[in-house]
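K.L.:
Input: one structure, supplied below.
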Amino acid sequence: MAIDPTEKGFEANIEDSLILSGYFQRKLTGQSLELFKKYAIDTEILFKFLENTQSKALERLQKVYKEQYRAKIIDRLHKELDKRGMIDVLRHGMKDYGVTLKLAYNKPVSTMNQMLIDLYNENIFTVSRQVYYSSQNNNSIDMMVSLNGLPLIVMELKNQLTGQTVEDSMKQFRNDRDPRELLFQFKKRAIVFFAVDTDEVYMTTRLNGNKTFFLPFNRGNNGGQGNPVVYGDYRTSYLWKDILQKDSLLDILFRFVYVELDEIKDSTGEIVEKKETVIFPRYHQLDVVRKVEVDVKEKGVGNNYLIQHSAGSGKTNSISWLAHRLAKLHDEDDTAVFNSVIVITDRRVLDKQLQDAVYQLEHKAGMVEKIDKDSAQLAAAISSGTRIIITTLQKFPFIMEKVGDFTRGKYAIVIDEAHSSQGGKASTAMTNILSDKTLEEALEADRIAEENMDDMEERIAELLAKSGKQDNISFFAFTATPKAKTIEKFGTYDADGKPHAFHVYSMKQAIEEGFIIDVLKNYTTYKTYYKIAKSIEEDPEVAKSKATKQIAKYVSLHPHNIAQKTEIMIEHYRQVTRHKIGGRAKAMVVTSSRLHAVRYKLAFDKYIERKGYEDMKAVVAFSGTVEDKGLPYTEAEMNGFGEKELPEKFHTDEYQVLLVAEKYQTGFDEPLLHTMYVDKPLDGIKAVQTLSRLNRTCTGKNDTFVLDFVNEAEDIQNAFQPYYEVTGLESTTDPNLLYDLQRELDASQIYTIEEIEGVCELEFSGKKKTAKTQEKLNSILDLAVNRFNKDIDKEQQEDFKGASTKFIRTYSFILQIAPFADIELHKLFVYLNYLLKKLPRNISDGVYLADDVALEYYRNEKVFEGSISLQVQGETELKPTSYGKGKSVEEEKERLSSIIERLNERFGTEFTETDKLSRDQIVEDMIKDEDLAQKAKSNTRENFKFSYEKAFMDFVISRMTQNESFFMKMLENADFKTMIMEDMFEEVYEGLRH
């Protein structure tokens, strides 16, 4: 028998499978097709269903409407679908002239009512292929699934054997399916649109042209994206052999799908738009809820379940669905399995979302009660058998006490992972006044306090351990990063006696499916950061830049040099981060203690004011009161508004940087967070939770960046290992790699220098871009595309694309460190970003996106500031923008002074006149300092010496890049430093006073 590799063969196999499971094959023709084009309803099947199930209701309407009754019912249904949407109408039916008509019957929860079972069996599921849906054109969809004549699911199918994939299916929905067509109108007809090939499934609930957003609907494969191999079948066969089976589809329609209302606010916090979204469960959400339900039915009450779902998994929805399922769960005797379902969470969004979702599923209020008063309210809710109760961790001990009292009751307790740090810790150690301490003491005090402070998971685990196993309670714990205690307490034990999560949706899968961003991709420790910056600075082919000079000033490994770190962070934010996410990107500074947070806030405010940066403001978050140098500080006073306002205020365009001490390191979901500056030791789960604040996605956010002043890359990698097999952190990148790649790309002879210049002339013309510009751009790029297609073989094509991609990624990464001022490299970067989009794509090729920062930086420097000029000296180089303190004008050489001789003699060194000059430059810098001058004039020598010694190392570090060996000797040898410092004292003191 010959193989049929076509798309039609794929369609036929899916259709045959559905028919075998009880679907009817349905081909719309003649009058039925015309009515379908008009109403997007299969009227013939609809009336067949109504006549079989509600003949008396139809008779009553027939008496009212006479021979027009069918047309009148269809017209009424059309209006109800238009107003209420398909989901609501299917669930709750419609009323017409006092007569209620049901449009579908869900499967009864018990087998005790035969009439309901008979009605449920009358549902008519149909599958139709090549459906012509429009009266405007002759377009058809590949497949449609309907229930009682109402279209629910539209599928576009592709078969890899014909050279097309799921990407082509999605493209077809975006480009060829007009969202204005009745069948495709949001909410009104089809509920979900599936793009399907033999390997993968994607879905959307709203067609919106090119803006249509698809979500993966895949099972996952070895902890990552995609689907596993299925013996003797397609990888995607689960879609029609499981998800679309009649009972499964009804279950999704009646107990999962709902409409979410989202209020979109502008930068001032005003609601500017209310957006509706049809929520259709992702595969892992559906899977976990159903598997838990089956297990509870089989094993009864008294077992624990650990659900390890990564950030980006949609835990809020999963918890909502599970709570509702458990509340409705009945045993074989039709008795409710649980008296109440108690959800423990600190997420305010869950309250409203769960209430709205349950109301839509039940169509009645009162199922859900939020405990927002006192323990008496909670006790009343438990004793009265409220179906779903939402409360906080603080009331957990009381819950355990009360459910113990009601021994005859059975309870499901759903625990949402720890989010308490967002509002501050309850521990007295963190809320008491932190009295005046050094930074080192403050770090140690807060570290000890944190270690002694149990989070939600640990406190619950310990409480449960004390109270012993409760046979009348089942626990369902959701967490992305379970601790050992959590796994031990809530895990499912295997045959070897080892506990495991009941269900897993991994960080790896969430990243690969695009629900969160990999925060380790652009992770840079300070040593790497400095090494690259130094390499950029010293490389003769590359000119110095603003940011490099700021970076180079911080070479001391002194752990608490707040002023200099502040300068590095602010300048990096302004050079790089602020251009991300359409200019709205924000940064977080993770500090070591609350005293650090206070000092950083003061330093940030001072630096921003001194520089006159009017487009940048920082806010701070820490608990309790911190006393520093005799002054008390609180978060609210330093910010100028209350603690509870901070998340919303920070989201606005008024604030750019959030400085945190312990707070907001877990449970803070701000999608605009792009960059994190870490100045705190992090390890284990704390590292994962803290860095994961960056991983939320939003429109325009393609990457993140971490600059870590404290931790080693290896330690961070080890921290993430248990939750995601990390492919590796960014190691030190040599900027000279770009020149190697440039030579390799030039040698391919795909493009010419003139073509690069032509594209860059269009890009940086400064003029408004027009369609004519696009026309010119394409004509230039097409020259290289022709050479690519004709002049080189397939292997060379792959090499060229690989080298181009590596060039773009390396260039973008290095630009995260400091603007990289080599005009030739940047021109190539701009050109390749356009060219790669025009080259023929393979299935395996990624999407090539230009790094906004790279373009933004060069536009700012070249177009607006005009501070980059070209020099013709063999290779074209950039002249750097001067920034901060420049080198002193070289003085006349002096003979070696006695100080240099003494130094050489005592320390066995060979210092020169250059070293003498370095020493004199420090003296000069100190004499010019206004703050020191004021102190010298108003203090005796003895008193001034304290200020002098305290400030000395700051001036040493500021000069360090000019004579590193001399200055490093001072950092490494305390005696040497003291000798230099004492030798200079008189000269500085006298210089400041005159």
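Each chain of the structure tokens is named A, B, ... in the order shown, its residues numbered from 1; ligands are numbered from 1 in display order.
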Need the shell around Tyr133 (chain A): protein/DNA/RNA residues with any atom at most 12 Å away, counting only C-alpha atoms. Skip same-chain ones fewer than 4 positions apart. Format as number ranges by chain?

P.N.:
A: 28-29, 32-42, 128-129, 137-144, 151, 154, 177-178, 180-184

K.L.:
Would you kindly return, as JSON, numbers by chain, each protein, DNA or RNA residue with an atom no farther than 10 Å from any atom of Pro671 (chain A), considering only C-alpha atoms and excluding same-chain residues fewer than 5 positions away?

P.N.:
{"A": [516, 581, 585, 586, 651, 693, 694, 695, 696, 697, 698, 699, 701]}

K.L.:
Output as CSV one row per residue of region 243-296 of chain A within 12 Å of region 79-90 of chain A: the closest atom pair and its distance in Å to one decimal place, counting only C-alpha atoms, sorted by chain and residue number ascending.

P.N.:
```
residue,atom,partner,partner_atom,distance
A:Leu250,CA,A:Leu90,CA,10.1
A:Ile252,CA,A:Ile87,CA,10.5
A:Leu253,CA,A:Ile87,CA,7.1
A:Phe254,CA,A:Ile87,CA,8.2
A:Arg255,CA,A:Ile87,CA,10.7
A:Phe256,CA,A:Ile87,CA,10.4
A:Val257,CA,A:Ile87,CA,7.5
A:Tyr258,CA,A:Ile87,CA,7.3
A:Val259,CA,A:Ile87,CA,8.4
A:Glu276,CA,A:Gly85,CA,11.6
A:Thr277,CA,A:Gly85,CA,11.9
A:Val278,CA,A:Ile87,CA,9.1
A:Ile279,CA,A:Ile87,CA,10.7
A:Phe280,CA,A:Ile87,CA,11.0
```

K.L.:
List the spatial neighbours of Ser592 (chain A) as a list in words - criterion: any atom at most 8 Å away, only C-alpha atoms, same-chain residues fewer than 5 positions off excluded.

P.N.:
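So the residues in contact are Leu443, Asp446, Ala597, Ala661, Asp679, Lys680 and Pro681 of chain A.
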
K.L.:
List the spatial neighbours of Met981 (chain A) as JSON, numbers by chain - criterion: any atom at most 10 Å away, only C-alpha atoms, same-chain residues fewer than 3 positions off excluded.

P.N.:
{"A": [919, 923, 948, 949, 952, 953, 970, 975, 976, 977, 978, 984, 985, 986, 988]}

K.L.:
Nearest to Val341 (chain A): which of A:Asp708, A:Asp356, A:Glu369, A:Asp251 is it, counting only C-alpha atoms?

P.N.:
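Selected residue with least distance to Val341 (chain A): A:Glu369.
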
K.L.:
Write down as a PyMOL selection string the residues belonging to region 17-181 of chain A that are assigned strand (DSSP E) by DSSP computed on the backbone.

P.N.:
chain A and resi 24-25+94-96+99-101+125-132+140-147+150-157

K.L.:
Using N, CA and C atoms, can you export the residues from the last selection as an mmCIF file, in the first residue's frame?

P.N.:
```cif
data_model
loop_
_atom_site.group_PDB
_atom_site.id
_atom_site.type_symbol
_atom_site.label_atom_id
_atom_site.label_comp_id
_atom_site.auth_asym_id
_atom_site.auth_seq_id
_atom_site.Cartn_x
_atom_site.Cartn_y
_atom_site.Cartn_z
ATOM 1 N N PHE A 24 -19.873 12.725 14.589
ATOM 2 C CA PHE A 24 -20.517 12.510 13.289
ATOM 3 C C PHE A 24 -19.769 13.320 12.233
ATOM 4 N N GLN A 25 -19.569 12.679 11.084
ATOM 5 C CA GLN A 25 -18.977 13.404 9.956
ATOM 6 C C GLN A 25 -20.037 14.340 9.390
ATOM 7 N N MET A 94 -30.572 29.931 26.604
ATOM 8 C CA MET A 94 -31.138 31.256 26.320
ATOM 9 C C MET A 94 -32.644 31.206 26.550
ATOM 10 N N LYS A 95 -33.197 32.411 26.740
ATOM 11 C CA LYS A 95 -34.641 32.515 26.909
ATOM 12 C C LYS A 95 -35.231 33.229 25.706
ATOM 13 N N ASP A 96 -36.370 32.724 25.233
ATOM 14 C CA ASP A 96 -37.056 33.335 24.099
ATOM 15 C C ASP A 96 -38.556 33.285 24.370
ATOM 16 N N VAL A 99 -39.613 31.102 27.154
ATOM 17 C CA VAL A 99 -39.233 29.684 27.013
ATOM 18 C C VAL A 99 -37.705 29.573 27.117
ATOM 19 N N THR A 100 -37.224 28.668 27.976
ATOM 20 C CA THR A 100 -35.777 28.448 28.111
ATOM 21 C C THR A 100 -35.345 27.320 27.184
ATOM 22 N N LEU A 101 -34.308 27.585 26.415
ATOM 23 C CA LEU A 101 -33.730 26.552 25.552
ATOM 24 C C LEU A 101 -32.291 26.279 25.988
ATOM 25 N N PHE A 125 -21.954 15.794 18.472
ATOM 26 C CA PHE A 125 -20.615 16.303 18.145
ATOM 27 C C PHE A 125 -20.348 16.042 16.671
ATOM 28 N N THR A 126 -19.962 17.076 15.951
ATOM 29 C CA THR A 126 -19.698 16.892 14.518
ATOM 30 C C THR A 126 -18.299 17.392 14.165
ATOM 31 N N VAL A 127 -17.708 16.765 13.172
ATOM 32 C CA VAL A 127 -16.421 17.206 12.636
ATOM 33 C C VAL A 127 -16.611 17.456 11.144
ATOM 34 N N SER A 128 -16.150 18.613 10.698
ATOM 35 C CA SER A 128 -16.312 19.001 9.292
ATOM 36 C C SER A 128 -14.965 19.383 8.709
ATOM 37 N N ARG A 129 -14.721 18.947 7.478
ATOM 38 C CA ARG A 129 -13.471 19.289 6.794
ATOM 39 C C ARG A 129 -13.738 20.254 5.647
ATOM 40 N N GLN A 130 -12.744 21.103 5.395
ATOM 41 C CA GLN A 130 -12.811 22.068 4.291
ATOM 42 C C GLN A 130 -14.141 22.826 4.283
ATOM 43 N N VAL A 131 -14.346 23.594 5.351
ATOM 44 C CA VAL A 131 -15.602 24.321 5.536
ATOM 45 C C VAL A 131 -15.494 25.707 4.900
ATOM 46 N N TYR A 132 -16.403 25.982 3.962
ATOM 47 C CA TYR A 132 -16.464 27.304 3.323
ATOM 48 C C TYR A 132 -17.332 28.201 4.198
ATOM 49 N N SER A 140 -11.672 28.459 2.712
ATOM 50 C CA SER A 140 -12.182 27.388 3.574
ATOM 51 C C SER A 140 -11.183 27.109 4.688
ATOM 52 N N ILE A 141 -11.677 26.598 5.804
ATOM 53 C CA ILE A 141 -10.818 26.170 6.899
ATOM 54 C C ILE A 141 -10.625 24.668 6.816
ATOM 55 N N ASP A 142 -9.520 24.168 7.356
ATOM 56 C CA ASP A 142 -9.226 22.733 7.236
ATOM 57 C C ASP A 142 -10.214 21.882 8.017
ATOM 58 N N MET A 143 -10.496 22.278 9.253
ATOM 59 C CA MET A 143 -11.347 21.417 10.086
ATOM 60 C C MET A 143 -12.090 22.243 11.123
ATOM 61 N N MET A 144 -13.335 21.834 11.417
ATOM 62 C CA MET A 144 -14.145 22.511 12.424
ATOM 63 C C MET A 144 -14.833 21.465 13.293
ATOM 64 N N VAL A 145 -14.802 21.701 14.605
ATOM 65 C CA VAL A 145 -15.501 20.837 15.553
ATOM 66 C C VAL A 145 -16.672 21.626 16.115
ATOM 67 N N SER A 146 -17.873 21.016 16.075
ATOM 68 C CA SER A 146 -19.078 21.702 16.544
ATOM 69 C C SER A 146 -19.825 20.836 17.551
ATOM 70 N N LEU A 147 -20.590 21.506 18.405
ATOM 71 C CA LEU A 147 -21.455 20.826 19.366
ATOM 72 C C LEU A 147 -22.875 21.322 19.146
ATOM 73 N N LEU A 150 -23.242 24.301 16.970
ATOM 74 C CA LEU A 150 -22.517 25.525 17.335
ATOM 75 C C LEU A 150 -21.012 25.291 17.184
ATOM 76 N N PRO A 151 -20.335 26.100 16.361
ATOM 77 C CA PRO A 151 -18.899 25.883 16.121
ATOM 78 C C PRO A 151 -18.066 26.230 17.355
ATOM 79 N N LEU A 152 -17.204 25.312 17.767
ATOM 80 C CA LEU A 152 -16.388 25.519 18.964
ATOM 81 C C LEU A 152 -14.914 25.681 18.636
ATOM 82 N N ILE A 153 -14.434 24.854 17.711
ATOM 83 C CA ILE A 153 -12.992 24.788 17.460
ATOM 84 C C ILE A 153 -12.729 24.833 15.962
ATOM 85 N N VAL A 154 -11.767 25.680 15.578
ATOM 86 C CA VAL A 154 -11.310 25.746 14.191
ATOM 87 C C VAL A 154 -9.857 25.305 14.174
ATOM 88 N N MET A 155 -9.508 24.439 13.226
ATOM 89 C CA MET A 155 -8.129 23.950 13.129
ATOM 90 C C MET A 155 -7.566 24.166 11.729
ATOM 91 N N GLU A 156 -6.321 24.624 11.699
ATOM 92 C CA GLU A 156 -5.552 24.649 10.450
ATOM 93 C C GLU A 156 -4.455 23.616 10.596
ATOM 94 N N LEU A 157 -4.424 22.664 9.665
ATOM 95 C CA LEU A 157 -3.525 21.508 9.778
ATOM 96 C C LEU A 157 -2.412 21.569 8.740
#
```

K.L.:
My list of candidates is A:Thr675, A:Asn786, A:Thr481, A:Thr591. Which is closest to Phe720 (chain A) when distances are computed with only C-alpha atoms?

P.N.:
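The answer is A:Thr481, which sits nearest to Phe720 (chain A).
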
K.L.:
Report, in Å to a single decimal, how far apart CA of Met367 (chain A) and CA of Val294 (chain A) are.

P.N.:
22.6 Å

K.L.:
For each of A:Val706, A:Leu737, A:Ala603, A:Leu215, take the minimum atom-to-atom distance to Tyr202 (chain A), counting only C-alpha atoms, then give the residue where this is smallest.

P.N.:
A:Leu215
